[in-house]
Structures are given as structure tokens and as C-alpha cells.
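Working notes, structure below.
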There are 4 protein chains.
Amino acid sequence: MIVVMKQGATQEEIDGVSKRVKEAGLRTSVVTGAERTIVGIIGGAVSPDLGSSLERLPGVTQVLRVSRPYKLASREFHPDDTVVKIGDAYIGGEHPVMVMAGPCSVETEKQVVEVAKAVKAAGAKVLRGGAFKPRTSPYSFRGLKLDGLKLLAKAREETGLPVITEVLDTRDVEVVHKYSDVLQVGARNMQNFNLLDEVGKQHKPVLLKRGLSATIEEWLLAAEYVLAQGNHNVILCERGIRTFETYTRNTLDLSAIPVVRKLSHLPVVSDPSHGTGKWYLVPPMAAASVAAGAHGLIIEVHPNPDQAKSDGAQSLTPENFAYMMEQVRAISKVQGLSRKPLTAAKA
Amino acid sequence: MIVVMKQGATQEEIDGVSKRVKEAGLRTSVVTGAERTIVGIIGGAVSPDLGSSLERLPGVTQVLRVSRPYKLASREFHPDDTVVKIGDAYIGGEHPVMVMAGPCSVETEKQVVEVAKAVKAAGAKVLRGGAFKPRTSPYSFRGLKLDGLKLLAKAREETGLPVITEVLDTRDVEVVHKYSDVLQVGARNMQNFNLLDEVGKQHKPVLLKRGLSATIEEWLLAAEYVLAQGNHNVILCERGIRTFETYTRNTLDLSAIPVVRKLSHLPVVSDPSHGTGKWYLVPPMAAASVAAGAHGLIIEVHPNPDQAKSDGAQSLTPENFAYMMEQVRAISKVQGLSRKPLTAAKA
Amino acid sequence: MIVVMKQGATQEEIDGVSKRVKEAGLRTSVVTGAERTIVGIIGGAVSPDLGSSLERLPGVTQVLRVSRPYKLASREFHPDDTVVKIGDAYIGGEHPVMVMAGPCSVETEKQVVEVAKAVKAAGAKVLRGGAFKPRTSPYSFRGLKLDGLKLLAKAREETGLPVITEVLDTRDVEVVHKYSDVLQVGARNMQNFNLLDEVGKQHKPVLLKRGLSATIEEWLLAAEYVLAQGNHNVILCERGIRTFETYTRNTLDLSAIPVVRKLSHLPVVSDPSHGTGKWYLVPPMAAASVAAGAHGLIIEVHPNPDQAKSDGAQSLTPENFAYMMEQVRAISKVQGLSRKPLTAAKA
Amino acid sequence: MIVVMKQGATQEEIDGVSKRVKEAGLRTSVVTGAERTIVGIIGGAVSPDLGSSLERLPGVTQVLRVSRPYKLASREFHPDDTVVKIGDAYIGGEHPVMVMAGPCSVETEKQVVEVAKAVKAAGAKVLRGGAFKPRTSPYSFRGLKLDGLKLLAKAREETGLPVITEVLDTRDVEVVHKYSDVLQVGARNMQNFNLLDEVGKQHKPVLLKRGLSATIEEWLLAAEYVLAQGNHNVILCERGIRTFETYTRNTLDLSAIPVVRKLSHLPVVSDPSHGTGKWYLVPPMAAASVAAGAHGLIIEVHPNPDQAKSDGAQSLTPENFAYMMEQVRAISKVQGLSRKPLTAAKA
């Protein structure tokens, strides 16, 4: 951490900073520049809370952080790619792009089994489906809950596809863990820290969606919560951030994919269904996600999207999903290139 | 809800929309414009999920909503201001500005009692203090939890000030309800819908912070969750939204205050401490909040901000808090005006 | 345009709207819904200024627009893809991805000629280079101006590559038109309407970058300015929007590419150099752009990026550019698919 | 400027940074921390372009700036408040809040003279009015241009009020300078650097609006352009930034007011008309602006807003403007407090 002093800060003010740093058990190194003095903090990790305190000392104009605040999630700490096993399939590293697909909400046995068969036939490796649904309005359909979990288990039985579903509440972690193969933490819960603790305490893989207004750093810190509890099977999921643009439901931030691959060893997938909110944007953005280096995709598919209980506008029909898969496979094959963009290129 | 057809949409496509609307038990009214046809849906409330489905029918270009999706929170439904009682004080309507103040985190008995006395002396009516702390990093101080709640109760005993503290987890609603007078739902949990349900089921007042990326409409829908469970004592709290500006911690959206007062009957307070992240911006923005029509303020105060375990940079000293209170009182007094800006002015 | 009345609006208020609409030479059609009345405006185009006026009439709660405000730029008006000719190459429609590349700033003859040869060898079809540079600080290098234009012309002579360069000022349109083959309007000038008029009056192609905070609709309206002056050779360029994320310089909004291809007939290119601000993100985001359906790319290349007078951090070396081109070509070849995602897929 | 090295950066990489810094005529000071090494640059001002180059050297992870990039606009450089004279009135420092008011567009002599008299009677000191209008759509009314300037001059003659109007084009600076007392640079032109140069070369005061997506730092750098040309009469104007919230036209960032007053000596005004886009939000946000410390306000007033050629929805009637002025005066009087919040409060 670096403390930047105001122009003309006095020696007493500089000493005040050093004194406060020493109280926290650390040391300082003072650099006197042409315009201002900076005080580097050395001797150990510096908490953001100390930074917040230092910022208000007399003579201080700014406090800059130079270390990444996450460790377990960082590539500096863990250089090799993490690979996560789901059922018999693997995601991460050089493994082929893994596609998870299924309906936004689980509605009926017929619906979920039918979709499961269709997405499996088209090449999906995991079935997604919502049993507990976070809904903006209390008057919307909030999911079949336990019955939905059971229908997912039924579809797994019929198709052999492992299942991913969202958990919304610390009290539901146990039951979701019982029925699901991957626990999803949704965008709205990315900073529900107690929920992160709980999914970190069980050992099934966790798919952690990026919050609508979360920076990449905050997202990796959320992953750090799960990792810090001992669960290393974390998959990150970019699903769009909130910006001023309203034509799309969110703004799918595909640059985050190569950034996350550089900063972290964790696998990262893209969710173009929520990221765009419109079915006809899903195929091109799925293709783009893979070209950008995504390890996987998560896609909403419904047999009759115009009858869906939620998110009809962004769901693909099984036919369009199959079409999208062709494209994804082709891009995925052609370019061993973008899967390793950072080692191949030199400064 | 209005369905906007593409230019040149066929009669068959228009009929397709009407058919789907009828299946949902509603009727349509078709308006043929110069450039395109629109189909109005009449005969009852329309769910957003139906809108999502209609959006993908052939010939449809856009679906526009014309009703507000919240009812209980809306002024159309409930024209008179809601007034909430906390201890012996009232917030909302024409009641004087209510100030809640105290430390970000409860740290020690001495600290919290000292602050409680100081803020009471300066005119605060409620003591705030964090026992369960949501923290971006798992390595930061996460609060004293139950011990913190007990220290708040102790400070209430000593000063008579009622207490507000945050609840983070559905499993903690009971214990927080036991010790606190107001339950705070933080920005990160604004769309933790199960938590909203639970605080809606108990009957102490709820302070609901706006999420960092929440629109005003989503915020009112979150309030609707609490109201729909039968708890009508909801106080809204503007605490800054996330934007591209990084000088301030967040962007305090003060326009939201008169907007919320127009759209809803619920009281609304401002949190300039989190909204700006810098102590020296708190007094001017507290003053501005009151001028904009806030019913109250919630302010972080610490006896030694440069030793605070969290948020030192944005906490006021008791002296500066007292200074801020003078200013707030003066503005509050002068202008019965901005407390009712909307009835006094005419189009 | 649709005028949404408040719940309980009186007949007099509804009549007031109709009266005002009639004064503007248009007619209304009234739809009485379960909760509120809406008034559709028919009989001709409605100006946004009329909408702004109607919004304040008594009893009105909202005014919704149902027509796109641009015509010449819209696919509804002009269904076939526009193809723009630059030198001997074509961009748009089914033409192969066109890559424009070169240094951020023109610095010396040696630099620009060397880069021009290198990017041509790697497959670029147009040389980019800045002579007039918009710079955030008045103390930064603002370009060689006329001398820079002459160096670009020199590089064209040596390589045969047509040249694209930015014009910043209405007073410079003439001289830039004289030396350049394509006139670039930068993000900061996207709503410099007089400049749009002037580049619309000359007949060389115009590359119009999206503004940092421009919606897709505003961007198409800016194109409309150029088209309305009679210049139909407009190329759109997505170059990143401003969001809260600071790891990347901007947030490259790749969803905008398929959206623009759906709404408009104009070709659209992507600028991953400015969109990300970091050289090592350029290859994956160039690949992703092409997979998303971009008709072209514009890329910063410098022989010695660590000596560049501007934007060194985001410039590729010629070697890395050649590497990127391989990837782009491979993706571009494989998928005739994503170049036509919208006609191939069905609702 | 500080160069942050990667963990485990080699001595050779650290030396590479020092070498490149020396080539630029500066020196380095190396601080070896617990986790990583940082290299401080000393010995003179560092250009952002050097920073961009250093960022890509091997072993470098980040480059942090520690000096403010603007000088003439900064309070560090110029501690005393700048006061600008307009006609016989003064704005800035401890001068009373100055209100500028008038129609969005100048439409007719009757309209502009009538408004001028009304706003003068209510206490406005400057008449605003648009002659050259920047419009999102090429089909909207773009102003009366020279005729509008003449009508403004006519209104000045009749009322004695000095006039402010916008200049959009470098070619129009001369004529606007001839007719207007203050030259306004609008939000869309905040980074039209040639226009900033030109208004900096003439000596009438310049009101510089903040761009929709401009950080406070970029805004001050835009002011620096004008100041660097020798024109020291710059007034800053906060008019709302673009965020995800759509209920208001923009998000009026009132925190920017005390921030700018801390960072700069220039006067700062608020434009709640554009900042909110809705007339009924103007009075509360005008009051809030003054409470936050604004030196002035700029307000749209129209005799018949529902007939206005532009921005009817956000214009006040003369009656509502008079009502707003009462409120503003009252707040302005009561609080000598918030006009100097930073010297009165202590850390």
C-alpha cells in the first residue's frame, strides 16, 4: 500500500503516517518526489481497513493499493489452471468448451426431461434448471422449489446429465447439495457472504455468477470466500453487467474472460442468455464468448419459449440451440489459439 | 402492457399476439398507426413473464409496460404518507428530519456507549452500529455478531436511544429482531428475496437500502416483498449507486429522494457516509439530502476514525457530527418548502 | 407515440391530450385498460419535442415512443446490407472481414512506413494513423497535424494501402478529405453535430465511432446526421463504453455488433485496442468481435510500443498483430454461420 | 508515478524500468515490499504517455499516478477561490448564489423577452437561451442560430440581464462572442478540444458543462485546456452523468460539487433541469445543489412549457421558477455553513 501525501505536506504529517503504520505492526519507506512525497508500506500484508484509516490522516491525499486483495483465487499464488470435474466431464485448462443448458425454470417433468434429452443430443454436458428462482417482483413465479429439485433429479436419471441449479438461501444449501451436482450462486447473491461461506463448506462444485455491478476484483474476492472455506471447485460465470445501454438486458462484458484467465486459475464460463436478454443474440454472443477464451457456456433452452414461465424472450428453442452448438464447436476447434492467448503473445 | 408490431407486420402476426393474450385470460385493443400497429392488452394485470413471451412472437418488435409493477409501495395505491414509529420518535410525512448515527462496526462497549452519548447529545434519535458486517474481502473484520448485538442493547440501556443494525442472513432474523429496534437490509441484500420475506414476517421496522445497481423501480419492488408479507413499516434508504466516477466511493443519487416521494408513500432517508466514502463530503451531502426532501439521515460516527476497524475514511468525529447537525437543523427548519415540493408546484 | 395516463385520470385530462395532439396536426386513438387509459398518436411522425411537451400535461404519467427515431440508418427502411468501398477493398454484407491497422499517432516517416508494410504483409487492407489527436490533457502530444497527413499519404504511396485518419474540427474536414481515404469521427465527437454535417457533405467514407456513453440508438442517430447530408458510406465502430469496471480502459460492448446488424444495414467494425486499453487483450477480443459478426477490425500497431508517443499500452507489435491475424482469419473462415445469425435462426 | 512490479519480478526487469525512465530524463527510487517491489519515478513531471509505455515492460503489473494531471485548475496550484464577473454580478467564492435562467431554445422575441423579464423579477442575474442547439436527432429543431443570438441581445437590451448561450462549433466562436456575455460549452463538447482552445483564446467567461461520461478529473482537464490558453474565467457546471437509472434523464451528481470545490478554485454551478429532465424535480434539486455548496444554478424556464420547441418536460413555468427562487434564497441565507464545509470541519 502506498500513501500519497499532499504537495507541501509537513515532516510532522509524514511522521504521523509512519507512526500509524508502525502501530499496525508494519514499516514504511519514504520516497521524496519532485512534487510530492509518497510513503510505501512494507513488512507484511496491509488490510483495506488500515488504508481507510490512513486516508484521513492530516497531509494525506490518497491511499493506493499495490497488492491484489485475493490470494487463493489468484494466478500469482496458483499458476496452474484449475480443472473442475462435473459428472464425467471436465471444465477448465485445455479441456474442450463445456456447455450447460436447460430451462430457466423447471416447470413440469415433461418439459425438463424433453429439454434435457434435446440439449444432450446437441452436445450439452450439464443440465441447468431453476427450482428456487430469484424474481424482481414478489408477484412472479418463484419456482417449484423442492419439487423442482426432484424433477431435475428425475431428468438426470433419464439422461445421465449432471445437474446445476441455483441456491438462494443459506437454509437451502443442504437440500440443494443433496439433489444437485453443481451449486449455482446467482448474480444477486454474489456478495451474500454467508451463502458463500456455506457453499464453501460443502464440496460440490460452485458456479459463481458475477454481480450486476461487481468489478472483476470483487468477483474474485467473492470466489475467495468459497475457496477460503476449503472448496476449490469454483467456476466463474460472466453474465452481463449493468450499464446505461437498455437495448440489451445487461452488457455482456466479454473482456472479463481473458482478464479473469490472466488474473486467476479458475475456469470461467459465459451466460449469453442473461447477458443479452434476447434469444437472437445468444448464438453470436456464445460464439464470441468461446473466441474470447471461455471454458464453457450456460444457455437457456425451452421447448416452447413463448409459453415459458420465466425468461421466454431469452430462451432458445432446441433447434436453435443445436444450431448454436455447431457454431460453437467449429470455433472451439479452429482456435487452439485464443485458448492460450497470453502465453503465445509477447510484450 | 403494449405490444409494438414491426412495420409491415401481417394480419396473421397481429392475430397471433391476440391469440396468445387470450390464452392468458386477457383481451386486446388494436391501434393502427401511420407507421406501425400497436396492440394494447386490457382486462387485468399482465405479468412481466407474459411480456417476455410475447416479445418473441413473429412480427413483434417491442413490448412496453404501462403499469407500475408494484402496488403496496405505490402512492397511487396508498396516497397518504406512511409514518414509522421508532422508539418514541416518528419518521415520514411532515415529521422533522430523523437522524440515525453511530459507528460502522460495534467494536467495544466503551466505543459504542461513548458514540451513543455523543450522537444523542447532538440530536440523533436512533443509534446505528454494525454487528454482522458484510465485507468485500473474507480477510476483513466481519463484526462481533451476537456480542455486538449485546453491546448495542447495552448502549440503548445507557442512553435510551433505539437501535438499528443490519441483518445479513435469514437464519439471523430472529436474533437481530430480539436485540434491535429496526432491522436494516443492506445494499448487497436488496435482492436477497428470502431475507426480504423473513423481515416482512416480523413486525419491527425495516430500513431497506437501495442496491448499488438497483433502479428505483427495483428498489420499490424489493420494498413490495416486505410489504406483501404484512410488514408496513418500511423505510427506504438511498446510499449511492455504482457509476464510472471513482473519486467518490459511490454516486449518491439525491434525485431519487423526490422521485421516491412522488412514486411511493414510504419514508426515505439518505446515507451520505456510504454514498460518498469520504468524511469531508458527509456534511454538505447531508445538508443537500435534507434540502432534496429526505425524511432522515443515517450517518457513521466514530470517536477515533483513524483507529476504526472499518470505514474510517468516511466516519465523522463526534465534533464534526455536531457541526453537521446544526446545518441540517437549519436547513430543515427554513424550508417547509422542499418537504412538499410536489403539491406546491403546478405543471 | 403512446401517452400513458395516470390511474384515475379524468375525461377532461384525456381530452387535453387529444387537443394538444390535434394542434400538432395528428390524431389519437384511446384505449381504456383495466388500470389506466392510454392514448395512441396516429396519423404521422411524432417529434420527440412533442413527446416532451405531452409528458407535462395534467393526468399524464409517461410518454412512450414506438417508432425508431432514425430512418436512413434503419434496416426497416433499407433492408439490404450497405457495402462500402475503400481503395480496392469492400466492407459490409458478406465481404470478408476487413482489418485496418497502424499506429495510434503518426510520429515519423520511418515509423509509419514500417508499420504500413508490416500490417499489409499480415493482411490489413487499410492503414490507420492519427494526425490530429484528441487528448484528455492539454499537455499531451496532440499529433503532427498536416505533417502527419502528409506522412500517411507517403505511406500510402509506398504500400498502396488506403488511409483512415481522424478529423476533429469542422475547419479541418477539407484538408483531411484531401489526404485521407476514410474520415474517422472519434468517440468524443460522436455528437459533434456540425462535424457530422460536414463529413456528410463530402463523399469519402466515414467511420463513426460510438461515444463512450452513447446508446446504440444515439449512435444510429449520429449516423443519420451523416446519411441525411447525402453521404451513404458510413461504417459504424464499436470501441467500448464507459462503465464502472476499471481493469479495462473501457467495456467493449460486443453485443452491440449483432444488435446493430439487426437494426441497421450499415457495416460495423470493432476496435479492441481502445475497447480494452491493454495489448494482451486485443487478440482474444479481436477474435471475439469477428465471431460476434463484425465486418471489420481497427487495430493499433506500433514497431516499438514502449516508445510510442501515445497509447503504448494498447498497441500490438507487428509480430503479435500477425499472430492475431491468423486467429481472425481462421474464425472468419469457419463460420459463415455467425455472419448471418439472424436469418438462419427462427423464433 | 509509481510502477508496481509483479511478484517475483527479476532484477533485470526492475532495471529495465529504471532504464526506460532515465531515457525520459527522470530518476527512480526503488522500494522493496513484502510481496512486491515498487519503483517510484522522481525528478519531474511524468506524462501519461510514459506511463502507458511503462505499463507494457516485462515484469510490470500496474502503473499508478500520484500527481493530479491538471495544474492551472487545481487548488494546490491556486489556493484562492476564483471569482468571475458577469455583467455587474459576481460568481464564486463567498458571493451569493447566482441564478441563470431562461428558455431551452430561443423561439420568438416575445417568448425570450417575456421570460427574461420574469426571471429577472424573480432574482435571476443572467439570461440563458439556446440559439445553436445540439440535438440527438437531425430531424429536431436545431435553433434559430444568428437570429437567436440577436433575440438574446434584444432581451438583454430590454432587461439589462447579461446573456449566456452555447457555442457548438469552432467556426461560431467569433459570432457567439460578439453577442453573448458568457460562452457555454455543452456536455457533448466537453472534450471537443479545439473548441476549448478557441473559447480559451477569447476573454469572455466560459461555462463548461461536465460531459455525460466524464470523470471529475477529465472535467478539470477540459477546464485546463481553456485556462492554458489564458482565459481564467471558467465556471464549471454539473448537469448530470449517464448511469443505469432511467427514471431521470441523467443522474445529477451533487457530490461532485463539494469535490470540485476541494480540488479546484473555479466556481461550480448546477443544472438541475438537464440533470433530472423533469420539471417537478427541479425545485428540490436546485435546493439540494445550493445546500451542497453550488455557487450558482442554471435553470430552464418557458412561459408555456407544453408548447416549447425543446425540453418542455423539464422547463419551469415562471411561477414555479419564482417559487423555486424563494426556497433557494432561504437555504442560501441560512447556511454560511455549507458554503465553507471544508475549512470548518477537522479530520
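Here, A, B, ... name the chains of the C-alpha cells in the order displayed, residue numbers run from 1 inside each chain, and ligands are numbered from 1 in the same displayed order.
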Selection near Pro58 (chain D), 10 Å with only C-alpha atoms, sequence-local residues under 6 positions removed, as a PyMOL selection string = (chain A and resi 346-347) or (chain D and resi 5-6+9-10+12-14+16-17)
Please tabulate, as a tab-separated table, the residues of chain A that come within 7 Å of chain D, each with its closest pair of atoms and the distance in Å to one decimal, counting only C-alpha atoms and ordering rows by chain, then residue number upward.
```
residue	atom	partner	partner_atom	distance
A:Val4	CA	D:Val66	CA	6.6
A:Ser29	CA	D:Val31	CA	6.8
A:Val31	CA	D:Ser29	CA	6.8
A:Gly33	CA	D:Ile42	CA	4.6
A:Ala34	CA	D:Gly43	CA	5.1
A:Ile42	CA	D:Gly33	CA	4.6
A:Gly43	CA	D:Ala34	CA	5.1
A:Gly44	CA	D:Ala34	CA	5.3
A:Arg56	CA	D:Ala347	CA	6.4
A:Val66	CA	D:Val4	CA	6.6
A:Arg242	CA	D:Phe244	CA	6.6
A:Thr243	CA	D:Phe244	CA	5.2
A:Phe244	CA	D:Phe244	CA	4.2
A:Ala347	CA	D:Arg56	CA	6.4
```
Using backbone DSSP assignments, extract all strand (DSSP E) residues from region 3-192 of chain C; output them as a PyMOL selection string.
-> chain C and resi 3-5+27-32+37-42+60-64+84-86+89-91+98-102+126-128+163-166+182-185
Could you pull the residues within 9 Å of Ile164 (chain B), counting only C-alpha atoms, minus those fewer than 5 positions along the same chain, as a PyMOL selection string?
-> chain B and resi 100+126-130+152+180-184+207
If you keep all heavy atoms, can you produce a file of those selected residues as an mmCIF file, in the first residue's frame?
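This is the output file result28.cif:
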```cif
data_model
loop_
_atom_site.group_PDB
_atom_site.id
_atom_site.type_symbol
_atom_site.label_atom_id
_atom_site.label_comp_id
_atom_site.auth_asym_id
_atom_site.auth_seq_id
_atom_site.Cartn_x
_atom_site.Cartn_y
_atom_site.Cartn_z
ATOM 1 N N MET B 100 -30.157 9.064 12.354
ATOM 2 C CA MET B 100 -29.640 7.841 12.967
ATOM 3 C C MET B 100 -28.121 7.909 12.831
ATOM 4 O O MET B 100 -27.612 8.214 11.759
ATOM 5 C CB MET B 100 -30.152 6.614 12.232
ATOM 6 C CG MET B 100 -31.651 6.701 11.880
ATOM 7 S SD MET B 100 -32.237 5.209 11.009
ATOM 8 C CE MET B 100 -33.898 5.776 10.543
ATOM 9 N N VAL B 126 -31.723 7.801 16.863
ATOM 10 C CA VAL B 126 -31.523 6.352 16.769
ATOM 11 C C VAL B 126 -30.014 6.087 16.703
ATOM 12 O O VAL B 126 -29.279 6.849 16.083
ATOM 13 C CB VAL B 126 -32.214 5.769 15.500
ATOM 14 C CG1 VAL B 126 -31.995 4.260 15.398
ATOM 15 C CG2 VAL B 126 -33.712 6.087 15.490
ATOM 16 N N LEU B 127 -29.592 4.995 17.345
ATOM 17 C CA LEU B 127 -28.181 4.588 17.305
ATOM 18 C C LEU B 127 -27.995 3.523 16.236
ATOM 19 O O LEU B 127 -28.679 2.497 16.260
ATOM 20 C CB LEU B 127 -27.777 4.010 18.664
ATOM 21 C CG LEU B 127 -26.360 3.411 18.742
ATOM 22 C CD1 LEU B 127 -25.281 4.473 18.562
ATOM 23 C CD2 LEU B 127 -26.178 2.663 20.074
ATOM 24 N N ARG B 128 -27.069 3.766 15.303
ATOM 25 C CA ARG B 128 -26.755 2.724 14.331
ATOM 26 C C ARG B 128 -25.429 2.057 14.737
ATOM 27 O O ARG B 128 -24.582 2.684 15.396
ATOM 28 C CB ARG B 128 -26.635 3.262 12.909
ATOM 29 C CG ARG B 128 -25.536 4.282 12.684
ATOM 30 C CD ARG B 128 -24.930 4.137 11.286
ATOM 31 N NE ARG B 128 -24.147 2.933 11.226
ATOM 32 C CZ ARG B 128 -23.922 2.207 10.151
ATOM 33 N NH1 ARG B 128 -24.381 2.582 9.001
ATOM 34 N NH2 ARG B 128 -23.199 1.103 10.211
ATOM 35 N N GLY B 129 -25.245 0.815 14.337
ATOM 36 C CA GLY B 129 -23.991 0.131 14.641
ATOM 37 C C GLY B 129 -24.038 -1.257 14.040
ATOM 38 O O GLY B 129 -25.056 -1.946 14.106
ATOM 39 N N GLY B 130 -22.927 -1.689 13.440
ATOM 40 C CA GLY B 130 -22.907 -2.973 12.750
ATOM 41 C C GLY B 130 -22.396 -4.090 13.638
ATOM 42 O O GLY B 130 -21.307 -3.979 14.224
ATOM 43 N N LEU B 152 -24.895 -3.215 21.603
ATOM 44 C CA LEU B 152 -25.880 -2.221 21.156
ATOM 45 C C LEU B 152 -27.011 -2.109 22.179
ATOM 46 O O LEU B 152 -27.464 -1.003 22.510
ATOM 47 C CB LEU B 152 -26.458 -2.604 19.786
ATOM 48 C CG LEU B 152 -25.531 -2.365 18.593
ATOM 49 C CD1 LEU B 152 -26.084 -3.042 17.346
ATOM 50 C CD2 LEU B 152 -25.354 -0.859 18.346
ATOM 51 N N SER B 180 -32.652 -5.683 18.296
ATOM 52 C CA SER B 180 -32.655 -4.399 17.580
ATOM 53 C C SER B 180 -34.059 -3.825 17.490
ATOM 54 O O SER B 180 -35.052 -4.552 17.557
ATOM 55 C CB SER B 180 -32.092 -4.623 16.174
ATOM 56 O OG SER B 180 -31.956 -3.405 15.498
ATOM 57 N N ASP B 181 -34.143 -2.506 17.319
ATOM 58 C CA ASP B 181 -35.441 -1.858 17.154
ATOM 59 C C ASP B 181 -35.832 -1.694 15.701
ATOM 60 O O ASP B 181 -37.003 -1.585 15.363
ATOM 61 C CB ASP B 181 -35.432 -0.494 17.856
ATOM 62 C CG ASP B 181 -35.126 -0.647 19.330
ATOM 63 O OD1 ASP B 181 -36.022 -1.060 20.076
ATOM 64 O OD2 ASP B 181 -33.955 -0.432 19.729
ATOM 65 N N VAL B 182 -34.822 -1.601 14.849
ATOM 66 C CA VAL B 182 -35.055 -1.529 13.399
ATOM 67 C C VAL B 182 -34.114 -2.532 12.754
ATOM 68 O O VAL B 182 -32.940 -2.618 13.135
ATOM 69 C CB VAL B 182 -34.746 -0.123 12.834
ATOM 70 C CG1 VAL B 182 -35.097 -0.051 11.352
ATOM 71 C CG2 VAL B 182 -35.477 0.962 13.618
ATOM 72 N N LEU B 183 -34.595 -3.289 11.784
ATOM 73 C CA LEU B 183 -33.740 -4.231 11.057
ATOM 74 C C LEU B 183 -33.314 -3.599 9.749
ATOM 75 O O LEU B 183 -34.169 -3.168 8.962
ATOM 76 C CB LEU B 183 -34.485 -5.542 10.781
ATOM 77 C CG LEU B 183 -34.563 -6.508 11.971
ATOM 78 C CD1 LEU B 183 -35.523 -6.002 13.030
ATOM 79 C CD2 LEU B 183 -34.974 -7.903 11.511
ATOM 80 N N GLN B 184 -32.022 -3.548 9.518
ATOM 81 C CA GLN B 184 -31.521 -2.972 8.286
ATOM 82 C C GLN B 184 -31.212 -4.081 7.284
ATOM 83 O O GLN B 184 -30.545 -5.058 7.617
ATOM 84 C CB GLN B 184 -30.258 -2.169 8.594
ATOM 85 C CG GLN B 184 -29.594 -1.594 7.351
ATOM 86 C CD GLN B 184 -28.342 -0.828 7.711
ATOM 87 O OE1 GLN B 184 -28.304 -0.088 8.708
ATOM 88 N NE2 GLN B 184 -27.288 -0.984 6.942
ATOM 89 N N LEU B 207 -35.343 -1.001 7.535
ATOM 90 C CA LEU B 207 -34.718 0.013 6.689
ATOM 91 C C LEU B 207 -34.103 -0.725 5.510
ATOM 92 O O LEU B 207 -33.228 -1.580 5.694
ATOM 93 C CB LEU B 207 -33.660 0.802 7.472
ATOM 94 C CG LEU B 207 -33.000 1.922 6.664
ATOM 95 C CD1 LEU B 207 -33.015 3.228 7.453
ATOM 96 C CD2 LEU B 207 -31.578 1.560 6.278
#
```
Residues of region 112-315 of chain A in alpha helix (DSSP H) according to DSSP, as a VMD selection string?
-> chain A and resid 112 to 122 146 to 159 173 to 179 193 to 201 216 to 228 256 to 263 272 to 276 282 to 292
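Excluding region 319-322 of chain B itself and any same-chain residue fewer than 6 positions from it, the protein and nucleic acid residues within 10 Å of it, counting only C-alpha atoms, are Ala101, Ala118, Val119, Lys120, Ala121, Ala122, Gly123, Ala124, Trp279, Tyr280, Val282, Pro283, Ile299, Glu300, Val301, His302, Pro303 and Val328 of chain B; Ala344, Ala345, Lys346 and Ala347 of chain D.
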Tell me which protein, DNA and RNA residues are within 9 Å of Ser332 (chain A), counting only C-alpha atoms, leaving out same-chain ones fewer than 5 positions away, and put them as a list of chain:residue names.
-> A:Pro96, A:Val97, A:Ala287, A:Val290, A:Ala291, A:Gln327, A:Arg339
For each of B:Cys104, B:Leu221, B:Val113, B:Ala330, take the minimum atom-to-atom distance to Leu316 (chain B), counting only C-alpha atoms, then give the residue where this is smallest.
-> B:Cys104
